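Trainee: If you scroll down you'll find the structure; I have some questions about it.
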Amino acid sequence: MTDIKIESKSSWYLKCLASFILTFAAFFVQYPQHVIDSNTQTFHSHGDLLVTHADLMYHVKYDTDGTFNGMNYPEGDYIFMTDANGSFATVFRWINNNIYNIEGILPGLTMGIIYLFLGFCGMFLFIIMRTMDVSSWLALMLAPFITLLSPQMARFVCHLSLSFPFVIPMIMLWTLRKYKVPKIELWDLIFFFVTFFFFMNNAYIGFIMCMFAGVIGFVLFMKGIKTGEHRTASLIMMIAPVVITVAVYIILKITDPYNDRLEEQWGFFHYNTHLHSFFFPRYSLLAGFMGKNISNDFRSIEWGNNLGLIPIGLVGSYISYEFLRLVKYKTWQPLLPKNTMMNVFLIASFLMVLFAANTNVFSIKEMIESYIDILLMFKSTGRFSWPFYFVFGVFSVRILQAWVNKLNFISKKSKWFLIIPLLLFYGYEVNYYLGQIFSELDADNYLTAPHSDVTLKIYEEAGINQENYQAMVAVPLLVGWNEKILMKVHNRTEKGAMSIMALTGIPMINGRLSRNSTSKTILATQMSSHPLIKKEALELLPNDKPILIIHGIGGYHWLSFGEQSLINNAEEVFRTEKYIGYKTSKVKLQELYDDNVNYAHNYIAERDSIPYNFIARYGYDDQKTEKSLFGGGALQLDEKDYPILDIERDFEKDSTTLKLSVWTDITYKKYGMPEYHVQVSDEDSVIYKSIFISREFKDVYSDWIRSSHKFTVPSGKIKIKVVAKNNQPYWIDELQLIDNANGASIMKLEDGTVLLDNYKVGQ
């Protein structure tokens, strides 16, 4: 190993500073406007990136403690259970309240820190490579390339809390330090607090850091298990990350205000690493050569690790050399000198890849999911292969250094015939990669001045402020990441809601939050439910001040019948080019509900003497069950493919439109909701197939969701089959299949419950 102490301290510090500056400058040269105008320039004008900024801005400007009150009104949520960079938001709020007002520069401050931390990544990589016998000039040139080709760069357009590539090289550097100095020291305390800070900021980042450190320690321990060599160092590497992980877990568990977040979140084996994701993932140069960018969906950023053609080629040259040396040229000397920690890094990062690949390697999904409990919150396991990218990059530079050393024996100048083309191509590949990620994404940040001035003036003229409104509802429904309710995000609605929340302090009843409480997701969804469903969230509102409804222009066809009813019975108070604001109140919404209940009773009374003719109906009340919605019984689906309807009927008309509706239980125990597969057949063949997914509907009553599906059948003898596909036991209740031409269905249950079109009619 190169002993960095042979250099003077001033020379060493200057080189570390140079690596920091070169890496930061490499990004700055590409995107100077984003660095210079970080407060007003953004990589995305909607979506997760702007939600992150808006949430952080609200917390700093309006919150008084660790509760984020911008969503889930009136209870809010824990700031560390959002994607709002909880650690940074907490620090920024303290600075804003106690030192200096930074409210106007929060997005720029956040992005500026992220951009600067690219420099730390380059500096740490430089130190790692120098410690592993790479020359200073080669380490200085290649550290920026490895940094800017890293998978975290794709997060600049969405999840900012994942946009810190330096954390993995930091782990490598810390373990190198422990390998050299196997004792507890001040650097360990700094490492502890930095890791803890980023763990609290984003659990994914923290767990990847701690897991990688622990696995490195484990591999080093196993290498010396017979001799006892490096035992102290390996134990420190294993114990420290465990202590950090346990500390974060206890803090989050004790301070979490909700106990109904999904216990098994999204599934451990989701977005896992694929073999091709190392060679031609989305945005990579090789994917561009192969025409794969279009076929690789956006979600591939979850598992993508763009190793780069140069590192792949260098590692390939090493493997070829060693293979030839082994089978033919036995007099050849090994290309690389032995390096214990490099070998440990390779093994540890490969084990992380196996963890990230999981079911692509081992078919152990059901068994593992039964035992790993809280780890199921880490759905995107592909991210756990990120350490392999950095280890592979450093390893490839060591190989390049070895080839340079060999060429130096031939001629001091000959190495440049290798180095210059490789550096030029590497630079071209980095430029291509970043260009693909950030292609056509330059946009003005509408949350900051001067771009926010126009909307703020509109809000002021319309009286949109905390004094006049207590909360808002966004329609179409704006919720996210709970997984039990899944809705497409209407960008203009989101833009309006985020703007008002961040700029005026009016909170949302909706909750577009990471791992949202299931009960809060249901309450928010219920605001978009059918007018016959009482809005339980209204009972929680602390005062009678008006409620603002935000609707994005062009999204009316996205609205449910309940959302249309909200808008049609509200007063328009302002309008921008992208969204409209409406005014309503608890009293008006209660009156609207009462009017609809009265209408339903009148409708039923007019048809009371006519029994409704169902095509099929199952109330499941023949025997009492432990859970039900209407009546005394329900049906439990305890198989993955469960037939809930299988009938054969004669239809006389040439075309009959049928409507199927069913209520499905929502549970927070495990991710997933049933899919209902409809198949219609005549005597000869299947004539219609479709799928409707229970979590894509908005009608929520208690903790049940009503799903429905319309389809048309021809005349003759028709067989209709509906199969529920689910990943866990579920309950369903009140399945109805009706002829849509007969009007809304009417059903009176033995306990006095009256259903109209499969909705309970209130008293």
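Identifiers for the structure tokens are assigned positionally: chains receive A, B, ... in sequence, residues are indexed from 1 per chain, and ligands are indexed from 1 in the order shown.
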Per DSSP on the backbone, what are the helix (DSSP H, G or I) residues of stretch 468-685 of chain A, as an MDAnalysis selection string?
Mentor: chainID A and resid 491:504 518:526 536:540 556:558 561:568 586:606
Trainee: Within 10 Å of stretch 446-458 of chain A, counting only C-alpha atoms, which residues qualify if same-chain residues fewer than 6 places away don't, as a ChimeraX atom specification?
Mentor: /A:39-42,45-46,50,53-54,57,103-108,464,495-496,498-504,574-577
Trainee: For A:Gly762, which of A:His601, A:Lys223, A:His557, A:His34 is the closest residue, counting only C-alpha atoms?
Mentor: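 Closest residue, counting only C-alpha atoms: A:His601.
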Trainee: Which polymer residues have any atom within 8 Å of an atom of stretch 625-640 of chain A, counting only C-alpha atoms, with same-chain residues fewer than 5 positions away left out, as a list in words?
Mentor: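 In the requested form, the answer reads Gly619, Tyr620, Trp704, Ala724, Lys725, Asn726, Asn727, Gln728, Pro729, Tyr730, Trp731, Ile732, Asp733, Glu734, Leu749, Glu750, Asp751 and Thr753 of chain A.
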Trainee: Mind dumping the selected residues with C-alpha atoms as a PDB file, in the first residue's frame?
Mentor:
```pdb
ATOM      1  CA  GLY A 619     -73.980 -10.938   0.758  1.00  0.00           C
ATOM      2  CA  TYR A 620     -72.168 -13.822   2.519  1.00  0.00           C
ATOM      3  CA  TRP A 704     -63.218  -1.120   3.101  1.00  0.00           C
ATOM      4  CA  ALA A 724     -59.440 -12.527  -7.237  1.00  0.00           C
ATOM      5  CA  LYS A 725     -55.655 -12.656  -7.306  1.00  0.00           C
ATOM      6  CA  ASN A 726     -54.105 -11.644  -3.999  1.00  0.00           C
ATOM      7  CA  ASN A 727     -50.924 -12.169  -1.989  1.00  0.00           C
ATOM      8  CA  GLN A 728     -52.513 -12.656   1.448  1.00  0.00           C
ATOM      9  CA  PRO A 729     -55.855 -13.394   3.121  1.00  0.00           C
ATOM     10  CA  TYR A 730     -58.475 -10.723   2.408  1.00  0.00           C
ATOM     11  CA  TRP A 731     -62.128 -10.210   3.143  1.00  0.00           C
ATOM     12  CA  ILE A 732     -64.710  -9.173   0.567  1.00  0.00           C
ATOM     13  CA  ASP A 733     -68.341  -8.303   1.134  1.00  0.00           C
ATOM     14  CA  GLU A 734     -71.499  -7.508  -0.832  1.00  0.00           C
ATOM     15  CA  LEU A 749     -80.485  -6.151   4.687  1.00  0.00           C
ATOM     16  CA  GLU A 750     -81.978  -7.922   7.715  1.00  0.00           C
ATOM     17  CA  ASP A 751     -80.370  -5.499  10.148  1.00  0.00           C
ATOM     18  CA  THR A 753     -79.135  -1.421   6.370  1.00  0.00           C
TER      19      THR A 753
END
```
Trainee: List the spatial neighbours of A:Ala240 as a PyMOL selection string - criterion: any atom at most 12 Å away, only C-alpha atoms, same-chain residues fewer than 3 positions off excluded.
Mentor: chain A and resi 171+174-175+178+183-184+188-193+195-196+209-215+217+233-237+243-247
Trainee: Which polymer residues have any atom within 10 Å of an atom of A:Gln152, counting only C-alpha atoms, with same-chain residues fewer than 5 positions away left out, as a PyMOL selection string?
Mentor: chain A and resi 147+159-166+301-302+304-305+383+386
Trainee: Using DSSP on the backbone, list every residue of stretch 349-511 of chain A that comes out as strand (DSSP E or B), and give them as a VMD selection string.
Mentor: chain A and resid 380 443 to 444 471 to 475 480 508
Trainee: So, with only C-alpha atoms as the atoms that count, which of A:Ser560, A:Asn740, A:Ser150, A:Thr23 lies closest to A:Phe390?
Mentor: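 Nearest to A:Phe390: A:Ser150.
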Trainee: Counting only C-alpha atoms, which of A:Thr493, A:Asn272, A:Ser19, A:Thr521 gets nearest to A:Cys121?
Mentor: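 Using only C-alpha atoms, A:Cys121 sits closest to A:Ser19.
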Trainee: Considering only C-alpha atoms, return as a PyMOL selection string whatever protein or nucleic-acid residues lie within 9 Å of A:Leu142, sequence-local ones (same chain, fewer than 6 positions apart) excluded.
Mentor: chain A and resi 122+125-126+397+423+426
Trainee: Hey, can you spit out that residue selection with C-alpha atoms as a short mmCIF file (atom, residue, chain, number, x, y, z; two decimals), in the first residue's frame?
Mentor:
```cif
data_model
loop_
_atom_site.label_atom_id
_atom_site.label_comp_id
_atom_site.auth_asym_id
_atom_site.auth_seq_id
_atom_site.Cartn_x
_atom_site.Cartn_y
_atom_site.Cartn_z
CA GLY A 122 -14.58 12.76 -5.32
CA LEU A 125 -12.58 8.30 -3.75
CA PHE A 126 -9.23 10.01 -4.26
CA VAL A 397 -8.65 2.20 -11.58
CA LEU A 423 -10.08 9.43 -20.34
CA TYR A 426 -14.83 8.00 -20.09
#
```
Trainee: Skipping near chain neighbours, those fewer than 6 positions away, what residues fall within 9 Å of A:Leu589 using only C-alpha atoms, listed as a ChimeraX atom specification?
Mentor: /A:535,538,566,569
Trainee: Write out as a Markdown table the residues of stretch 502-537 of chain A that have any atom within 7 Å of an atom of stretch 695-699 of chain A, one row each with the nearest atom pair and its distance in Å to one decimal, counting only C-alpha atoms, sorted by chain and then rising number.
Mentor:
```
| residue | atom | partner | partner_atom | distance |
| --- | --- | --- | --- | --- |
| A:Thr525 | CA | A:Lys698 | CA | 5.9 |
| A:Gln526 | CA | A:Asp699 | CA | 6.4 |
| A:Ser528 | CA | A:Lys698 | CA | 6.1 |
| A:Ser529 | CA | A:Asp699 | CA | 4.3 |
| A:His530 | CA | A:Asp699 | CA | 6.0 |
```
Trainee: Taking only C-alpha atoms into account, name the residue in A:Glu606, A:Asp757, A:Glu571, A:Glu429 that is nearest to A:Val662.
Mentor: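 Under the stated criterion, the closest residue is A:Asp757.
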